[in-house]
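So this one's run_31.cif, mmCIF, C-alpha atoms:
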```cif
data_upload
loop_
_atom_site.label_atom_id
_atom_site.label_comp_id
_atom_site.auth_asym_id
_atom_site.auth_seq_id
_atom_site.Cartn_x
_atom_site.Cartn_y
_atom_site.Cartn_z
CA MET A 243 18.04 12.63 7.70
CA THR A 244 19.05 14.25 4.41
CA PRO A 245 16.60 14.16 1.48
CA ASP A 246 19.01 11.82 -0.33
CA ALA A 247 19.03 9.31 2.55
CA ALA A 248 15.23 9.46 2.74
CA LEU A 249 15.14 8.87 -1.02
CA VAL A 250 17.26 5.73 -0.60
CA LEU A 251 14.94 4.40 2.12
CA CYS A 252 11.88 5.23 0.01
CA ARG A 253 13.36 3.41 -3.00
CA PHE A 254 14.23 0.34 -0.90
CA LEU A 255 10.71 0.02 0.50
CA PHE A 256 9.21 0.57 -2.93
CA TYR A 257 11.43 -2.05 -4.61
CA GLY A 258 10.73 -4.61 -1.87
CA SER A 259 6.97 -4.12 -2.05
CA ALA A 260 6.71 -3.99 -5.84
CA ILE A 261 8.93 -7.06 -6.28
CA PHE A 262 6.99 -9.04 -3.70
CA LEU A 263 3.66 -8.08 -5.28
CA TRP A 264 4.90 -8.90 -8.78
CA GLY A 265 6.70 -12.17 -7.99
CA ALA A 266 4.06 -13.52 -5.61
CA SER A 267 1.17 -12.66 -7.95
CA ALA A 268 3.01 -14.12 -10.93
CA TYR A 269 3.48 -17.34 -8.93
CA ILE A 270 -0.18 -17.42 -7.88
CA CYS A 271 -1.33 -16.63 -11.42
CA TRP A 272 0.86 -18.75 -13.63
CA ILE A 273 2.71 -21.30 -11.48
CA ALA A 274 0.45 -22.61 -8.75
CA PRO A 275 -2.57 -24.83 -9.63
CA ALA A 276 -5.90 -23.14 -8.76
CA ASP A 277 -6.64 -24.78 -5.37
CA LEU A 278 -3.12 -24.23 -4.10
CA ALA A 279 -3.13 -20.68 -5.45
CA ALA A 280 -6.24 -19.86 -3.42
CA GLN A 281 -4.76 -21.38 -0.27
CA VAL A 282 -1.35 -19.68 -0.56
CA SER A 283 -2.97 -16.40 -1.50
CA ARG A 284 -5.13 -16.51 1.62
CA ARG A 285 -2.05 -16.98 3.81
CA LEU A 286 -0.35 -14.05 2.07
CA ARG A 287 -3.20 -11.56 2.44
CA HIS A 288 -1.49 -9.58 5.22
CA CYS A 289 1.70 -9.32 3.18
CA TYR A 290 -0.35 -8.08 0.22
CA ARG A 291 -2.04 -5.47 2.36
CA LEU A 292 1.22 -4.26 3.89
CA SER A 293 3.05 -4.02 0.58
CA THR A 294 0.13 -2.25 -1.12
CA LEU A 295 0.13 0.33 1.70
CA LEU A 296 3.91 0.70 1.34
CA ILE A 297 3.54 1.26 -2.41
CA ILE A 298 0.98 4.00 -1.77
CA GLY A 299 3.11 5.58 0.97
CA THR A 300 6.41 5.49 -0.93
CA THR A 301 4.85 6.73 -4.17
CA ALA A 302 3.21 9.62 -2.32
CA SER A 303 6.51 10.52 -0.60
CA LEU A 304 8.64 10.19 -3.71
CA LEU A 305 7.63 13.48 -5.36
CA PRO A 306 8.31 15.69 -2.29
CA LEU A 307 11.59 13.81 -1.74
CA ARG A 308 12.60 14.42 -5.36
CA ALA A 309 11.74 18.10 -4.95
CA ALA A 310 13.86 18.31 -1.78
CA ALA A 311 16.79 16.51 -3.43
CA ILE A 312 16.66 18.59 -6.63
CA GLY A 313 16.00 21.82 -4.74
CA GLU A 314 17.69 23.25 -1.70
CA GLY A 315 16.62 20.70 0.90
CA TRP A 316 13.59 19.95 3.06
CA ALA A 317 12.12 23.43 2.65
CA ASP A 318 11.46 22.60 -1.01
CA ALA A 319 9.72 19.29 -0.27
CA PHE A 320 6.31 20.88 0.17
CA ALA A 321 6.71 24.14 -1.72
CA PRO A 322 3.86 24.00 -4.30
CA GLN A 323 5.88 25.97 -6.86
CA MET A 324 8.80 23.53 -6.57
CA LEU A 325 6.56 20.45 -6.73
CA SER A 326 4.86 21.67 -9.89
CA SER A 327 8.24 22.53 -11.45
CA VAL A 328 9.57 19.04 -10.74
CA LEU A 329 6.33 17.48 -11.98
CA THR A 330 6.14 19.37 -15.26
CA GLY A 331 9.72 20.41 -15.93
CA THR A 332 11.79 17.29 -15.34
CA ASN A 333 12.09 13.77 -16.59
CA VAL A 334 11.90 12.36 -13.04
CA GLY A 335 8.60 14.23 -12.63
CA GLN A 336 7.19 12.56 -15.76
CA ALA A 337 8.43 9.19 -14.50
CA TRP A 338 6.67 9.85 -11.19
CA ILE A 339 3.37 10.44 -13.01
CA ALA A 340 3.73 7.02 -14.65
CA GLN A 341 4.55 5.43 -11.30
CA ALA A 342 1.55 7.12 -9.65
CA CYS A 343 -0.72 5.80 -12.44
CA ALA A 344 0.61 2.26 -11.91
CA ALA A 345 0.02 2.66 -8.15
CA GLY A 346 -3.54 3.76 -8.97
CA LEU A 347 -4.01 0.58 -11.01
CA LEU A 348 -2.72 -1.45 -8.07
CA ILE A 349 -5.34 0.15 -5.82
CA ALA A 350 -8.00 -0.56 -8.45
CA SER A 351 -6.83 -4.18 -8.68
CA CYS A 352 -7.70 -4.60 -4.96
CA LEU A 353 -11.33 -3.95 -5.91
CA VAL A 354 -11.37 -6.67 -8.57
CA THR A 355 -12.99 -9.88 -7.38
CA GLY A 356 -13.06 -13.41 -8.72
CA ARG A 357 -10.38 -15.08 -10.76
CA PHE A 358 -9.15 -11.94 -12.50
CA ARG A 359 -7.98 -10.56 -9.19
CA TYR A 360 -4.53 -12.20 -9.22
CA GLY A 361 -3.95 -11.30 -12.85
CA ALA A 362 -4.89 -7.67 -12.23
CA ARG A 363 -2.51 -7.50 -9.28
CA ALA A 364 0.33 -9.09 -11.25
CA MET A 365 -0.22 -6.67 -14.14
CA SER A 366 -0.24 -3.55 -11.99
CA ALA A 367 2.79 -4.68 -9.97
CA GLY A 368 4.62 -5.40 -13.25
CA LEU A 369 3.76 -1.89 -14.47
CA LEU A 370 5.09 -0.43 -11.21
CA LEU A 371 8.44 -2.10 -11.89
CA ILE A 372 8.45 -0.99 -15.53
CA SER A 373 7.74 2.61 -14.46
CA LEU A 374 11.12 2.55 -12.71
CA THR A 375 12.90 2.30 -16.06
CA LEU A 376 11.65 5.75 -17.06
CA SER A 377 14.12 7.49 -14.77
CA GLY A 378 17.41 6.57 -13.16
CA HIS A 379 20.41 5.32 -15.04
CA ALA A 380 18.19 3.59 -17.60
CA ALA A 381 17.32 7.09 -18.86
CA MET A 382 20.90 8.24 -19.39
CA HIS A 383 21.26 7.54 -23.11
CA SER A 384 19.56 9.11 -26.08
CA GLY A 385 18.15 7.73 -29.32
CA TRP A 386 17.74 4.02 -30.00
CA LEU A 387 20.16 3.07 -27.25
CA HIS A 388 17.82 4.80 -24.81
CA MET A 389 14.92 2.53 -25.76
CA MET A 390 17.13 -0.55 -25.72
CA HIS A 391 18.48 0.30 -22.31
CA ARG A 392 14.97 0.76 -20.94
CA LEU A 393 13.77 -2.48 -22.45
CA ASN A 394 16.77 -4.32 -21.03
CA ASP A 395 16.26 -2.76 -17.61
CA GLY A 396 12.56 -3.71 -17.73
CA VAL A 397 13.38 -7.36 -18.47
CA HIS A 398 15.99 -7.30 -15.68
CA LEU A 399 13.50 -5.99 -13.12
CA LEU A 400 10.69 -8.32 -14.18
CA SER A 401 12.80 -11.49 -14.30
CA GLY A 402 14.73 -10.72 -11.10
CA GLY A 403 11.52 -9.62 -9.38
CA ALA A 404 9.66 -12.76 -10.46
CA TRP A 405 12.41 -14.90 -8.98
CA LEU A 406 12.84 -13.08 -5.65
CA GLY A 407 9.16 -12.22 -5.16
CA ALA A 408 8.01 -15.80 -5.72
CA LEU A 409 10.29 -17.06 -2.91
CA VAL A 410 7.75 -15.84 -0.34
CA PRO A 411 4.86 -18.03 -1.61
CA ILE A 412 7.42 -20.82 -2.08
CA VAL A 413 8.16 -20.76 1.67
CA ILE A 414 4.43 -21.23 2.24
CA THR A 415 4.16 -23.96 -0.39
CA LEU A 416 7.03 -26.08 1.00
CA PRO A 417 5.29 -27.47 4.12
CA LEU A 418 2.30 -28.39 1.95
CA LEU A 419 4.47 -31.11 0.41
CA ARG A 420 3.74 -33.05 3.61
CA ASP A 421 0.01 -32.35 3.48
CA THR A 422 -1.76 -35.25 1.81
CA ARG A 423 -4.57 -33.05 0.45
CA CYS A 424 -2.41 -30.61 -1.51
CA GLN A 425 0.79 -32.63 -1.89
CA LYS A 426 0.27 -33.12 -5.62
CA ASP A 427 -0.46 -29.45 -6.32
CA ALA A 428 2.49 -28.34 -4.22
CA ARG A 429 4.81 -30.67 -6.12
CA THR A 430 3.49 -29.39 -9.47
CA ALA A 431 3.96 -25.78 -8.37
CA LEU A 432 7.54 -26.35 -7.19
CA MET A 433 8.43 -28.18 -10.41
CA ARG A 434 7.03 -25.35 -12.53
CA PHE A 435 8.80 -22.76 -10.36
CA SER A 436 12.05 -24.61 -10.87
CA THR A 437 11.64 -24.60 -14.67
CA ALA A 438 10.62 -20.94 -14.76
CA GLY A 439 13.42 -20.16 -12.29
CA HIS A 440 16.05 -21.37 -14.78
CA VAL A 441 14.69 -18.98 -17.41
CA ALA A 442 14.51 -16.11 -14.90
CA VAL A 443 18.11 -16.64 -13.75
CA VAL A 444 19.44 -16.69 -17.32
CA LEU A 445 17.49 -13.50 -18.11
CA VAL A 446 18.68 -11.76 -14.92
CA ILE A 447 22.33 -12.51 -15.70
CA THR A 448 22.15 -11.57 -19.38
CA THR A 449 20.28 -8.31 -18.82
CA GLY A 450 22.48 -7.57 -15.79
CA ILE A 451 25.62 -7.84 -17.93
CA ILE A 452 24.10 -5.62 -20.63
CA ASN A 453 22.99 -3.07 -18.01
CA THR A 454 26.48 -2.94 -16.54
CA ALA A 455 27.96 -2.54 -20.00
CA LEU A 456 25.56 0.31 -20.79
CA ILE A 457 26.04 2.17 -17.52
CA VAL A 458 29.63 1.48 -16.51
CA GLY A 459 31.01 0.54 -19.93
CA SER A 460 33.34 -2.13 -18.54
CA VAL A 461 33.69 -4.68 -15.76
CA PRO A 462 32.89 -2.68 -12.56
CA LEU A 463 36.32 -3.05 -10.95
CA ASP A 464 37.12 0.59 -10.22
CA TRP A 465 36.36 0.28 -6.52
CA GLN A 466 37.44 3.83 -5.78
CA LEU A 467 33.98 4.65 -7.07
CA GLU A 468 31.35 3.68 -4.56
CA TYR A 469 28.95 2.78 -7.37
CA GLN A 470 31.25 0.13 -8.81
CA LEU A 471 32.17 -1.21 -5.36
CA LEU A 472 28.52 -1.65 -4.38
CA LEU A 473 27.67 -3.11 -7.78
CA SER A 474 30.48 -5.65 -7.37
CA ILE A 475 29.15 -6.62 -3.94
CA LYS A 476 25.69 -6.97 -5.45
CA ILE A 477 27.04 -9.24 -8.18
CA LEU A 478 28.75 -11.41 -5.55
CA ILE A 479 25.49 -11.68 -3.61
CA VAL A 480 23.67 -12.66 -6.80
CA PHE A 481 26.27 -15.40 -7.34
CA ALA A 482 25.55 -16.63 -3.80
CA LEU A 483 21.82 -16.53 -4.59
CA ILE A 484 22.34 -18.57 -7.72
CA ALA A 485 24.53 -21.07 -5.82
CA LEU A 486 21.76 -21.47 -3.23
CA ALA A 487 19.14 -21.91 -5.96
CA ILE A 488 21.26 -24.53 -7.73
CA GLY A 489 21.92 -26.29 -4.42
CA ASN A 490 18.20 -26.34 -3.68
CA ARG A 491 17.28 -27.66 -7.08
CA TYR A 492 19.98 -30.24 -7.67
CA LEU A 493 21.01 -31.33 -4.16
CA LEU A 494 18.19 -30.77 -1.67
CA VAL A 495 15.15 -31.49 -3.86
CA PRO A 496 16.39 -34.88 -5.17
CA ARG A 497 17.21 -35.80 -1.56
CA LEU A 498 13.59 -35.18 -0.47
CA ALA A 499 12.50 -38.59 -1.76
CA ARG A 500 14.85 -40.33 0.72
CA ASN A 501 14.96 -37.91 3.62
CA PRO A 502 11.58 -36.43 4.57
CA SER A 503 12.97 -33.36 6.38
CA LEU A 504 12.00 -30.06 4.75
CA GLU A 505 14.10 -28.02 7.16
CA PRO A 506 17.22 -27.54 4.95
CA LEU A 507 15.10 -26.38 2.01
CA LYS A 508 13.19 -23.95 4.23
CA TRP A 509 16.43 -22.53 5.59
CA THR A 510 18.06 -22.02 2.21
CA THR A 511 14.91 -20.41 0.80
CA GLY A 512 14.84 -18.10 3.81
CA ALA A 513 18.50 -17.26 3.19
CA GLU A 514 17.68 -16.48 -0.44
CA ILE A 515 14.99 -14.03 0.67
CA ALA A 516 17.43 -12.34 3.08
CA LEU A 517 20.07 -12.03 0.34
CA GLY A 518 17.35 -10.69 -1.98
CA PHE A 519 16.70 -7.87 0.49
CA ALA A 520 20.43 -7.13 0.61
CA VAL A 521 20.45 -6.84 -3.20
CA LEU A 522 17.51 -4.41 -3.14
CA GLY A 523 19.19 -2.35 -0.41
CA LEU A 524 22.36 -2.05 -2.49
CA VAL A 525 20.43 -1.08 -5.62
CA ALA A 526 18.51 1.55 -3.65
CA VAL A 527 21.85 3.12 -2.67
CA PHE A 528 24.04 2.83 -5.73
CA GLY A 529 21.27 3.68 -8.19
CA MET A 530 21.74 7.27 -7.04
CA LEU A 531 25.53 7.36 -7.27
CA GLN A 532 27.78 8.33 -10.12
CA PRO A 533 28.77 5.14 -11.96
CA THR A 534 31.89 6.27 -13.86
CA MET B 91 28.44 -24.40 -29.51
CA SER B 92 26.60 -25.09 -26.27
CA LYS B 93 23.96 -22.68 -25.01
CA HIS B 94 26.27 -21.42 -22.27
CA THR B 95 29.22 -20.74 -24.55
CA ARG B 96 26.98 -18.87 -26.93
CA LEU B 97 25.56 -16.80 -24.09
CA THR B 98 29.01 -15.94 -22.77
CA ALA B 99 30.18 -14.98 -26.25
CA LEU B 100 27.14 -12.76 -26.78
CA SER B 101 27.61 -11.04 -23.43
CA ALA B 102 31.29 -10.44 -24.12
CA LEU B 103 30.35 -8.98 -27.51
CA ALA B 104 27.81 -6.69 -25.88
CA LEU B 105 30.45 -5.48 -23.41
CA VAL B 106 32.86 -4.66 -26.22
CA ILE B 107 30.28 -2.88 -28.38
CA PHE B 108 29.01 -0.65 -25.61
CA ALA B 109 32.30 -0.14 -23.82
CA GLY B 110 33.20 3.49 -23.31
CA GLN B 111 29.80 4.87 -24.27
CA ALA B 112 28.49 5.33 -20.81
CA PHE B 113 28.36 8.47 -18.70
CA ALA B 114 25.49 8.77 -16.24
CA HIS B 115 25.29 12.12 -14.42
CA ALA B 116 25.90 15.01 -16.81
CA HIS B 117 29.56 15.97 -17.18
CA LEU B 118 30.73 19.13 -18.89
CA THR B 119 32.46 17.84 -22.00
CA GLY B 120 33.36 21.20 -23.52
CA SER B 121 32.34 24.82 -23.83
CA VAL B 122 32.54 27.89 -26.04
CA PRO B 123 34.53 29.86 -24.97
CA ALA B 124 36.59 26.95 -23.70
CA ASP B 125 37.96 26.56 -20.19
CA LYS B 126 41.04 28.76 -19.63
CA ALA B 127 40.68 30.22 -23.14
CA THR B 128 41.48 33.80 -24.00
CA VAL B 129 39.12 35.39 -26.52
CA ALA B 130 39.74 38.55 -28.50
CA VAL B 131 36.12 39.73 -28.73
CA SER B 132 33.30 39.55 -26.23
CA PRO B 133 31.13 36.47 -27.01
CA ASP B 134 27.37 36.82 -27.69
CA GLU B 135 26.57 33.62 -25.86
CA LEU B 136 28.07 30.82 -23.79
CA ASP B 137 27.65 27.23 -24.98
CA LEU B 138 28.10 24.48 -22.41
CA HIS B 139 28.22 20.97 -23.85
CA PHE B 140 27.25 18.08 -21.57
CA SER B 141 27.52 14.30 -21.76
CA GLU B 142 23.79 13.86 -21.18
CA GLU B 143 20.41 15.39 -21.84
CA LEU B 144 19.40 18.08 -19.36
CA ASP B 145 16.20 19.32 -17.76
CA LEU B 146 16.19 23.07 -18.54
CA LYS B 147 14.06 23.94 -15.53
CA PHE B 148 16.81 23.10 -13.08
CA SER B 149 19.84 23.92 -15.21
CA GLY B 150 21.63 27.24 -15.52
CA ALA B 151 24.88 29.14 -15.42
CA LYS B 152 26.03 32.25 -13.61
CA ILE B 153 28.84 34.40 -14.99
CA ILE B 154 30.98 36.31 -12.56
CA GLY B 155 33.04 39.17 -13.94
CA PRO B 156 36.43 40.65 -13.00
CA ASP B 157 34.72 42.95 -10.48
CA LYS B 158 33.11 39.89 -8.75
CA ALA B 159 29.66 41.01 -9.92
CA SER B 160 27.42 38.67 -11.90
CA VAL B 161 26.98 39.44 -15.56
CA LYS B 162 23.44 39.92 -16.89
CA THR B 163 22.32 36.96 -19.03
CA GLY B 164 19.22 36.14 -21.04
CA ASP B 165 17.08 33.02 -20.59
CA ALA B 166 19.11 29.85 -21.06
CA MET B 167 18.10 27.47 -23.85
CA LEU B 168 18.78 23.84 -24.67
CA MET B 169 20.24 22.86 -28.05
CA ASP B 170 21.77 19.76 -29.62
CA ASP B 171 19.09 17.27 -28.41
CA GLY B 172 19.10 18.83 -24.97
CA LYS B 173 22.77 18.25 -24.34
CA THR B 174 23.97 21.84 -24.83
CA LEU B 175 23.03 24.65 -22.51
CA MET B 176 23.12 28.01 -24.36
CA VAL B 177 23.24 31.15 -22.24
CA PRO B 178 22.84 34.41 -24.21
CA LEU B 179 24.84 37.41 -23.00
CA LEU B 180 22.91 40.66 -23.07
CA GLU B 181 25.87 43.01 -22.73
CA LYS B 182 29.36 43.21 -24.13
CA LEU B 183 31.92 41.77 -21.74
CA ASP B 184 34.66 44.12 -20.62
CA PRO B 185 38.22 42.80 -20.81
CA GLY B 186 39.19 40.66 -17.85
CA ALA B 187 38.80 37.21 -16.28
CA TYR B 188 35.36 35.61 -16.08
CA GLU B 189 34.19 32.65 -14.06
CA VAL B 190 31.24 30.49 -15.18
CA GLU B 191 29.44 28.59 -12.42
CA TRP B 192 27.04 26.01 -13.81
CA HIS B 193 24.52 23.66 -12.25
CA VAL B 194 22.49 21.12 -14.22
CA LEU B 195 19.94 18.39 -13.68
CA SER B 196 20.29 15.49 -16.12
CA THR B 197 17.15 13.72 -17.33
CA ASP B 198 18.07 10.67 -15.25
CA GLY B 199 17.48 12.85 -12.20
CA HIS B 200 21.01 13.62 -11.02
CA LYS B 201 22.34 17.04 -10.10
CA THR B 202 25.86 18.09 -11.00
CA LYS B 203 27.64 21.41 -10.84
CA GLY B 204 30.99 22.91 -11.64
CA ALA B 205 32.88 25.98 -12.72
CA TYR B 206 35.37 27.10 -15.34
CA GLY B 207 36.87 30.35 -16.47
CA PHE B 208 37.89 32.31 -19.55
CA THR B 209 39.47 35.66 -20.23
CA VAL B 210 38.46 38.47 -22.58
CA LYS B 211 41.59 40.07 -24.04
CA PRO B 212 42.07 43.76 -23.39
#
```

Can you present the structure in this file as structure tokens?
Amino acid sequence: MTPDAALVLCRFLFYGSAIFLWGASAYICWIAPADLAAQVSRRLRHCYRLSTLLIIGTTASLLPLRAAAIGEGWADAFAPQMLSSVLTGTNVGQAWIAQACAAGLLIASCLVTGRFRYGARAMSAGLLLISLTLSGHAAMHSGWLHMMHRLNDGVHLLSGGAWLGALVPIVITLPLLRDTRCQKDARTALMRFSTAGHVAVVLVITTGIINTALIVGSVPLDWQLEYQLLLSIKILIVFALIALAIGNRYLLVPRLARNPSLEPLKWTTGAEIALGFAVLGLVAVFGMLQPT
Amino acid sequence: MSKHTRLTALSALALVIFAGQAFAHAHLTGSVPADKATVAVSPDELDLHFSEELDLKFSGAKIIGPDKASVKTGDAMLMDDGKTLMVPLLEKLDPGAYEVEWHVLSTDGHKTKGAYGFTVKP
């Protein structure tokens, strides 16, 4: 495997974990009523553990991978001189320090007990996502445009992440609609998610358009360039995601009152999660390519 | 205007305003001496202008002279908000064709490299 391919894999795993941690914790914190939050959170504990370990692993690997990609290959991955040069002498090194600090906060948030636990996890996962805006294409401009681009990218990651990440606890919440004890809470949570989902989708699209304008400078239709081809595929997948979300909200949910089967809703939510992974995979690849 | 129309209009406006500004990955936009230029006197330094800010640590240029040997240069410096790589020349260049091979790391973490040439008039 080349250092660049390993970097793509590392980015994919990091995005997936950070987005799950952020979206799921945001749902637990701000969407689900307390009793339901505790129940869903308990069922998700293995996912939390796995994604926290992945965050630690990918963050630890990222610096050597950067060194190998910037330097002359694998030999540079563990050369102390090279690592310290990347760390102190480059912008990606500085961004890595920020990411490592956010990962440290995530580890610390695992030690928090009581009701602040979910909030601490949401905060640190949000910071992990924001740390991504310090490097990559969001760092390509200078001056005020630079700050605006970062801000826009941050909103894009947080809103998109909140949407996709929350789908996992949603899958767990759905069957609870049939459970007489938590039916009411589950309904409240799904209603709130639907409202917040509208806001998230509008934010994702708006910031996505601005990001494309800032990076590509036009509609990404020059498919000779792999970046624009993959971005176009990503946009199509996002359209499919939005269609599924609209179908869920305006066709399947109103039908629930008449037809008690939850199966269609479970399937479409599962499909949304699968498409979400496809989006993250594409971003992990084209984020490293030349856009124009 | 409905919310959606307004949003579409705003997005379209944003596209127009920012169109053509973008260039991730540093491209060489110009240099002194310029590519394929012929100069009458030996330059004191080479200036390479890029489309993006650079990380000096992993950016540099090598000058290869008419005899295929590399020319001695001083430590490269960044100027113009980090977008220009300045390479001082320590010795006078003899007449002949020179090739400049550059490699840079932009602050967004991408490596690019390239080469151009110029001639010092006899």

Exercise for the section: Can you pull out every residue within 9 Å of Ala187 of chain B, counting all atoms listed in the file, but drop anything in the same chain fewer than 2 positions away, and send it as an NGL selection string? Expected result: :B and (128 or 154-156 or 185 or 189 or 207-211)

For the selection just defined, write its residues with C-alpha atoms to a file, as a short mmCIF file (atom, residue, chain, number, x, y, z; two decimals), in the frame of the given file.
```cif
data_model
loop_
_atom_site.label_atom_id
_atom_site.label_comp_id
_atom_site.auth_asym_id
_atom_site.auth_seq_id
_atom_site.Cartn_x
_atom_site.Cartn_y
_atom_site.Cartn_z
CA THR B 128 41.48 33.80 -24.00
CA ILE B 154 30.98 36.31 -12.56
CA GLY B 155 33.04 39.17 -13.94
CA PRO B 156 36.43 40.65 -13.00
CA PRO B 185 38.22 42.80 -20.81
CA GLU B 189 34.19 32.65 -14.06
CA GLY B 207 36.87 30.35 -16.47
CA PHE B 208 37.89 32.31 -19.55
CA THR B 209 39.47 35.66 -20.23
CA VAL B 210 38.46 38.47 -22.58
CA LYS B 211 41.59 40.07 -24.04
#
```

On this structure, the PyMOL selection byres ((chain A and resi 265) around 7) would catch which residues? List them as a PDB file with C-alpha atoms, keeping the file's coordinate frame, sorted by chain and number.
```
ATOM      1  CA  ILE A 261       8.930  -7.060  -6.280  1.00  0.00           C
ATOM      2  CA  PHE A 262       6.990  -9.040  -3.700  1.00  0.00           C
ATOM      3  CA  LEU A 263       3.660  -8.080  -5.280  1.00  0.00           C
ATOM      4  CA  TRP A 264       4.900  -8.900  -8.780  1.00  0.00           C
ATOM      5  CA  ALA A 266       4.060 -13.520  -5.610  1.00  0.00           C
ATOM      6  CA  SER A 267       1.170 -12.660  -7.950  1.00  0.00           C
ATOM      7  CA  ALA A 268       3.010 -14.120 -10.930  1.00  0.00           C
ATOM      8  CA  TYR A 269       3.480 -17.340  -8.930  1.00  0.00           C
ATOM      9  CA  GLY A 403      11.520  -9.620  -9.380  1.00  0.00           C
ATOM     10  CA  ALA A 404       9.660 -12.760 -10.460  1.00  0.00           C
ATOM     11  CA  TRP A 405      12.410 -14.900  -8.980  1.00  0.00           C
ATOM     12  CA  LEU A 406      12.840 -13.080  -5.650  1.00  0.00           C
ATOM     13  CA  GLY A 407       9.160 -12.220  -5.160  1.00  0.00           C
ATOM     14  CA  ALA A 408       8.010 -15.800  -5.720  1.00  0.00           C
TER      15      ALA A 408
END
```

Exercise for the section: Give me the result of the PyMOL selection byres ((chain A) within 7 of (chain B)) on this file, residue by residue, as a PyMOL selection string. Expected result: chain A and resi 312+331-334+377-379+381-382+448+451-452+455-460+532-534

Practice task
Extract, using all atoms listed in the file, all DNA, RNA and protein residues at most 7 Å from segment 256-260 of chain A, discarding same-chain residues fewer than 4 positions from it, and format them as a PyMOL selection string.
Solution key: chain A and resi 252+264+293+296-297+300+367+370-371+522

Exercise for the section: With the file shown as input, list the residues that the PyMOL selection byres ((chain A and resi 491-503) around 12) selects, as an NGL selection string. Expected result: :A and (416-417 or 419-420 or 429 or 432-437 or 439-440 or 484-490 or 504-511)

Handout entry: Closest of B:Ala124, B:Met176, B:Val190, B:Ile153 to Gly204 of chain B - atom-to-atom distances counting all atoms listed in the file
Key =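 Comparing B:Ala124, B:Met176, B:Val190, B:Ile153 against Gly204 of chain B, the winner is B:Val190.
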
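Between atom CA of Arg359 of chain A and atom CA of Arg284 of chain A there is a distance of 12.7 Å.
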
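Excluding Thr163 of chain B and any residue on its chain fewer than 5 positions from it, the residues at most 6 Å away by only C-alpha atoms are Pro178, Leu179 and Leu180 of chain B.
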